[in-house]
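A short worksheet on the structure shown next.
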Amino acid sequence: MARLGVTKEDAFKACEALVSTGVPITVANVRHELGTGSYTTLLPLIQEFKSQASAEKPAEATGAPQLPEIVIRQGRDLMEQIWANAWDLAKKEIEEARAAFQTDLEAKEKELKTTAAELSQTLSDLKKYEQEIAELRAQVEAEKEKWQKREGEMNLLRSQIATKETENRSLLERAVRTEKELELTNLRSRT
């Protein structure tokens with residue numbers, strides 16, 4: 001035998017039973033109460049029950065008569081005005097925060113530019129100092145080469161002086177011998 005679908009009356013009875021026991025009206029709770037029913041079938045029926053229940057609230061359920069239409073409109077207008085004021089306030093706070101952020105961002109960008117300029121100057125100075133150091137090293141090497149050359153020249157001069165001293169001693173000794181020989185020769189020729 002084919003299964004019968006859930007009727008509107010069945011769904012409304014299940015919703016009323018849940019309300020009377022204080023259980024929330026959800027698809028799962030209504031389905032549990034009925035023992036059957038799909039989500040797509042039950043959801044529209046539950047929504048219809050809830051809209052009718054809120055529109056048809058008896059005075060005894062809340063203890064007060066239903067609100068007059070003018071009160072509902074004025075309440076809606078008041079809520080719309082509160083919402084508009086809250087929205088305006090939020091927009092103002094957002095704009096203030098955006099302005100503060102922009103000011104901070106500009107300050108940080110200025111600081112970054114200053115730091116970048118300082119870094120650029122430092123790098124420029126560093127290159128200048130490196131160039132000066134290279135020039136000084138070249139000067140030191142040139143002076144070192146000059147000193148080594150002069151030292152070589154001095155060693156050559158010392159060697160030449162030593163050679164001349166040796167030659168001079170030798171010449172002096174020869175002159176002394178020659179002088180003695182002359183004296184001997186002069187003495188012999190006189191005798």
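Order determines the names: the first chain of the structure tokens is A, the second B, and so forth; residues in each chain are numbered 1 upward, and ligands are numbered 1 upward as they are shown.
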Compile the contact shell of stretch 18-34 of chain A as an MDAnalysis selection string: residues with an atom at most 10 Å away, counting only C-alpha atoms, same-chain residues fewer than 3 positions apart removed. chainID A and resid 6 10:15 37:47 49:50
Would you mind exporting the chosen residues as an mmCIF file, in the first residue's frame, restricted to C-alpha atoms?
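Now in selection15.cif:
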data_model
loop_
_atom_site.group_PDB
_atom_site.id
_atom_site.type_symbol
_atom_site.label_atom_id
_atom_site.label_comp_id
_atom_site.auth_asym_id
_atom_site.auth_seq_id
_atom_site.Cartn_x
_atom_site.Cartn_y
_atom_site.Cartn_z
ATOM 1 C CA VAL A 6 2.111 14.667 5.493
ATOM 2 C CA ASP A 10 -0.945 16.896 10.520
ATOM 3 C CA ALA A 11 1.951 19.375 10.487
ATOM 4 C CA PHE A 12 -0.077 22.066 12.305
ATOM 5 C CA LYS A 13 -1.193 19.560 14.971
ATOM 6 C CA ALA A 14 2.426 18.504 15.512
ATOM 7 C CA CYS A 15 3.491 22.182 15.800
ATOM 8 C CA GLY A 37 8.015 13.773 6.644
ATOM 9 C CA SER A 38 10.785 15.225 4.502
ATOM 10 C CA TYR A 39 12.591 18.511 4.986
ATOM 11 C CA THR A 40 11.186 19.956 1.762
ATOM 12 C CA THR A 41 7.630 19.023 2.771
ATOM 13 C CA LEU A 42 7.772 20.089 6.407
ATOM 14 C CA LEU A 43 9.684 23.392 6.139
ATOM 15 C CA PRO A 44 7.026 25.353 4.193
ATOM 16 C CA LEU A 45 4.275 24.014 6.464
ATOM 17 C CA ILE A 46 6.220 25.004 9.611
ATOM 18 C CA GLN A 47 6.857 28.492 8.206
ATOM 19 C CA PHE A 49 2.216 27.746 10.931
ATOM 20 C CA LYS A 50 4.634 30.220 12.498
#
Would you give me, as a Markdown table, each residue of stretch 32-80 of chain A having an atom within 12 Å of an atom of stretch 85-100 of chain A, along with its shortest atom pair and that distance in Å to one decimal, using only C-alpha atoms and sorting by chain and residue number?
| residue | atom | partner | partner_atom | distance |
| --- | --- | --- | --- | --- |
| A:Leu78 | CA | A:Asn85 | CA | 10.5 |
| A:Met79 | CA | A:Asn85 | CA | 9.7 |
| A:Glu80 | CA | A:Asn85 | CA | 8.5 |
Write out the residues from the selection above, keeping C-alpha atoms, as a PDB file, in the first residue's frame.
ATOM      1  CA  LEU A  78      11.554  54.495  15.283  1.00  0.00           C
ATOM      2  CA  MET A  79      13.625  51.355  14.642  1.00  0.00           C
ATOM      3  CA  GLU A  80      14.493  52.608  11.145  1.00  0.00           C
TER       4      GLU A  80
END
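Straight-line separation from atom CA of A:Thr163 to atom CA of A:Leu182: 27.8 Å.
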What is the distance, in Å and to one decimal place, between atom CA of A:Glu48 and atom CA of A:Lys8? 9.4 Å
